[in-house]
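Here is the structure we will look at.
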Amino acid sequence: MLAAWFGGSAEGAPDTGIWMSAKEAGTFSSPWLIESTEEPHWNPVLFRFNERVIRLYFKVGYEISEWRTMTSESTDGGRTWTKSRELVPGDFGGRGPVKNKMIRLSDGSILAPASLEKGIWRAYTDRSTDEGVRWSKSNDVRIPDGDYLSRQGRNGSDIPVTEQSFAGRGVIQPSLWESAPGNVHMLLRSSEGRIYRSDSGDYGQSWCPAYATGLPNNNSGLDLVRMEDGRLVLACNPVSENWGRRSPISLLISEDNGIHWNKRMDMENGQGEFSYPAVIAEGRRIHVTYTYKREAIAYWCLELDECQEIH
C-alpha cells in the first residue's frame, strides 16, 4: 500500500512538498519526500497503470487557480520516481486529476476527475485511450446559473484562493464511478451546501449539467468507490453548510447507484478538522485515508459484510 500527501509549514507555503509512505507487513514506513521546489505543491494522486508502472500526479503553483499538473513514474513499487514533467505542457489551471483517483473504464480508457477554480468553479474529466500519453478534455460541468446561491464571504479563511472562489459559485473535485459500460457518474464538492452529481453516457466524453443530491456538503472534499458487487461507499463530511465544520468524517453506502444513501459509520466526530478523504476497495475491504487535524494522515482498513455493516 502506498499513501501520498502534501506537507510543509502551511498549506500554500513555498516549502510544501509531496510526501509518501509505504505499508508493508502491516506497518507504514517513515515518510519520505518525493519532490519539493520553491513553489507550493498540492493534491497528489496515485494510479497503477499495470503491474509494473505506477504514476503520481500533483499540482504546483502559488495560486490554485493557476496551478500546473505534474506527473512522474515509478517502476519499482514507489521506491524511486522519474523526474516530474508537466502533464499538459503550457496548461495553467490543472488538467488531469485534481484530488481524487482516476478510474479505468470498461473500454480500457482512463478517466481523470478534474476541475477549475478560476472564476466560476466547474468540473470536467480528462480521458486517455493510450495509457496516459495524450488526454482529451470533456465539456465543463457547471451548476445552471439559476441554481446558484447568493454570494458568500470568505468566512475568515486564509487558504490562498481567489475571492471569487470563496463567493460560493460552483462545483469542483469530482469523484467518479462507472455503473455499466459507458455510463459514468460523478459526485462533486459544491458551494451550495449539497453534494452535486453529473452523468455521462459516452465514457466521460460529455456530461450533463450538475444537479443537487440530497447529501449534505460543507464545501470540502469527498471520495467514493464502487465495490465489486455494485455498492457505492462514500467518504465525506456530512455537514450542510458552505465552509462549515469538517467533523464528523463518515462513510455512507448506496445500493442503488447513488440514488439513496445510508450513513453507516463516523470515523471521527470530535473537535478539529478531519477532511479530504480518499477511498479504494479490495474485495469487501475498504481502505480510507484523510487529513487528521492538518497534522497527520489517518488510515483505516474496514470490512464491509453482506449485511451492509462496516467493521
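Starting from 1 in every chain, residues are counted up; chains themselves are A, B, ... following the order of the C-alpha cells, and ligands are numbered from 1 as listed.
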
Please provide as a list in words all residues within 10 Å of Ile253 in chain A, with the sequence filter that same-chain residues fewer than 5 positions apart are discarded (counting only C-alpha atoms). Leu224, Val225, Arg226, Arg231, Leu232, Val233, Leu234, Ala235, Gly258, His260, Trp261, Asn262, Lys263, Arg264, Met265, Leu304, Gln308, Glu309 and Ile310 of chain A

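Within 8 Å of range 177-183 of chain A, once only C-alpha atoms are used and residues closer than 4 positions along the same chain are dropped, the contacting residues are Ile103, Leu105, Ser106, Asp107, Asp199, Ser200, Gly201, Asp202, Tyr203, Gly204, Leu224, Val225, Arg226, Gly230 and Asn257 of chain A.
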
Got a sec: who's within 9 Å of Lys23 in chain A, counting only C-alpha atoms, leaving out chain neighbours fewer than 2 positions off, as a PyMOL selection string? chain A and resi 1-3+21+25-29

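Using only C-alpha atoms, the residues found no farther than 10 Å from Glu38 in chain A, other than those of its own chain fewer than 3 positions away, are Ala13, Pro14, Asp15, Thr16, Gly17, His41, Val60, Gly61 and Tyr62 of chain A.
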
Name the residues of range 176-289 of chain A that fall into strand (DSSP E) according to DSSP on the backbone, using the chain letters and numbers of this document, as JSON, numbers by chain. {"A": [176, 177, 178, 179, 180, 183, 184, 185, 186, 187, 188, 189, 190, 194, 195, 196, 197, 198, 199, 200, 211, 212, 213, 214, 215, 216, 223, 224, 225, 226, 232, 233, 234, 235, 236, 249, 250, 251, 252, 253, 254, 262, 263, 264, 265, 266, 267, 268, 274, 275, 276, 277, 278, 279, 280, 281, 282, 285, 286, 287, 288, 289]}

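In this structure, CA of Ala112 in chain A sits 20.0 Å away from CA of Ile143 in chain A.
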
Which one is closest to Trp67 in chain A: A:Ser30, A:Asn43, A:Ser190, A:Thr289? Count only C-alpha atoms. A:Asn43

May I have the residues within 10 Å of Phe6 in chain A as number ranges by chain, using only C-alpha atoms and disregarding those fewer than 4 positions away in the same chain? A: 10-12, 16-20, 33-36, 40-44, 58-59

Would you save the residues from that selection as a short mmCIF file (atom, residue, chain, number, x, y, z; two decimals), in the first residue's frame, using C-alpha atoms?
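Done, and the output landed in again.cif:
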```cif
data_model
loop_
_atom_site.label_atom_id
_atom_site.label_comp_id
_atom_site.auth_asym_id
_atom_site.auth_seq_id
_atom_site.Cartn_x
_atom_site.Cartn_y
_atom_site.Cartn_z
CA ALA A 10 1.35 25.61 5.97
CA GLU A 11 -0.98 24.99 3.02
CA GLY A 12 0.25 27.10 0.13
CA THR A 16 5.20 22.43 0.85
CA GLY A 17 6.23 19.23 -0.94
CA ILE A 18 4.90 15.80 -1.89
CA TRP A 19 5.46 13.07 0.70
CA MET A 20 4.92 9.33 0.57
CA LEU A 33 9.94 13.43 0.35
CA ILE A 34 9.20 12.85 -3.33
CA GLU A 35 9.53 16.43 -4.58
CA SER A 36 9.89 19.94 -3.22
CA PRO A 40 3.86 25.16 -3.19
CA HIS A 41 2.89 21.58 -4.03
CA TRP A 42 -0.65 20.20 -3.73
CA ASN A 43 -3.02 17.23 -4.06
CA PRO A 44 -1.04 14.12 -5.07
CA PHE A 58 0.22 16.53 -8.35
CA LYS A 59 -0.26 20.29 -8.61
#
```

Quick check for you: according to DSSP on this backbone, which residues of range 85-208 of chain A are classed as alpha helix (DSSP H)? Reply as JSON, numbers by chain. {"A": [163, 164, 165, 166]}

So which residues touch Val45 in chain A within 7 Å, counting only C-alpha atoms, skipping near sequence neighbours fewer than 3 positions away, as a list in words? Leu56, Tyr57, Phe58, Pro97, Lys99, Asn100 and Lys101 of chain A

Restricting it to C-alpha atoms, dump the selection as a tab-separated table (two decimals), in the first residue's frame.
```tsv
chain	number	residue	atom	x	y	z
A	56	LEU	CA	1.94	10.11	-9.49
A	57	TYR	CA	0.08	13.32	-10.38
A	58	PHE	CA	0.22	16.53	-8.35
A	97	PRO	CA	-6.78	14.52	-11.65
A	99	LYS	CA	-7.75	15.40	-5.94
A	100	ASN	CA	-9.46	12.04	-6.41
A	101	LYS	CA	-8.29	8.86	-8.09
```

Residues within 8 Å of range 241-244 of chain A, only C-alpha atoms, excluding chain neighbours under 2 positions, as a tab-separated table (two decimals) with N, CA and C atoms, in the first residue's frame:
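Final file, around_15.tsv:
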```tsv
chain	number	residue	atom	x	y	z
A	155	ASN	N	-15.44	33.82	5.18
A	155	ASN	CA	-15.55	33.18	6.50
A	155	ASN	C	-14.22	33.13	7.24
A	168	GLY	N	-18.88	31.29	-3.35
A	168	GLY	CA	-19.88	30.25	-3.43
A	168	GLY	C	-20.45	30.16	-4.83
A	191	SER	N	-20.37	24.60	-3.45
A	191	SER	CA	-20.50	25.76	-2.57
A	191	SER	C	-21.95	25.97	-2.14
A	192	GLU	N	-22.82	25.00	-2.41
A	192	GLU	CA	-24.25	25.18	-2.23
A	192	GLU	C	-24.83	24.43	-1.04
A	193	GLY	N	-23.99	23.82	-0.20
A	193	GLY	CA	-24.49	23.09	0.95
A	193	GLY	C	-24.92	21.67	0.65
A	216	PRO	N	-25.64	16.22	2.20
A	216	PRO	CA	-25.05	17.49	2.62
A	216	PRO	C	-23.57	17.57	2.25
A	217	ASN	N	-23.09	18.80	2.07
A	217	ASN	CA	-21.68	19.03	1.79
A	217	ASN	C	-21.27	20.38	2.36
A	218	ASN	N	-20.10	20.42	2.96
A	218	ASN	CA	-19.61	21.63	3.63
A	218	ASN	C	-18.55	22.36	2.80
A	219	ASN	N	-18.58	22.17	1.47
A	219	ASN	CA	-17.56	22.73	0.60
A	219	ASN	C	-16.19	22.19	0.99
A	220	SER	N	-16.14	20.87	1.22
A	220	SER	CA	-14.88	20.17	1.47
A	220	SER	C	-14.88	18.91	0.62
A	239	VAL	N	-22.03	17.55	6.43
A	239	VAL	CA	-22.36	18.82	7.07
A	239	VAL	C	-22.92	19.76	6.01
A	246	ARG	N	-15.53	20.63	9.56
A	246	ARG	CA	-15.06	19.42	8.88
A	246	ARG	C	-14.98	18.26	9.85
```
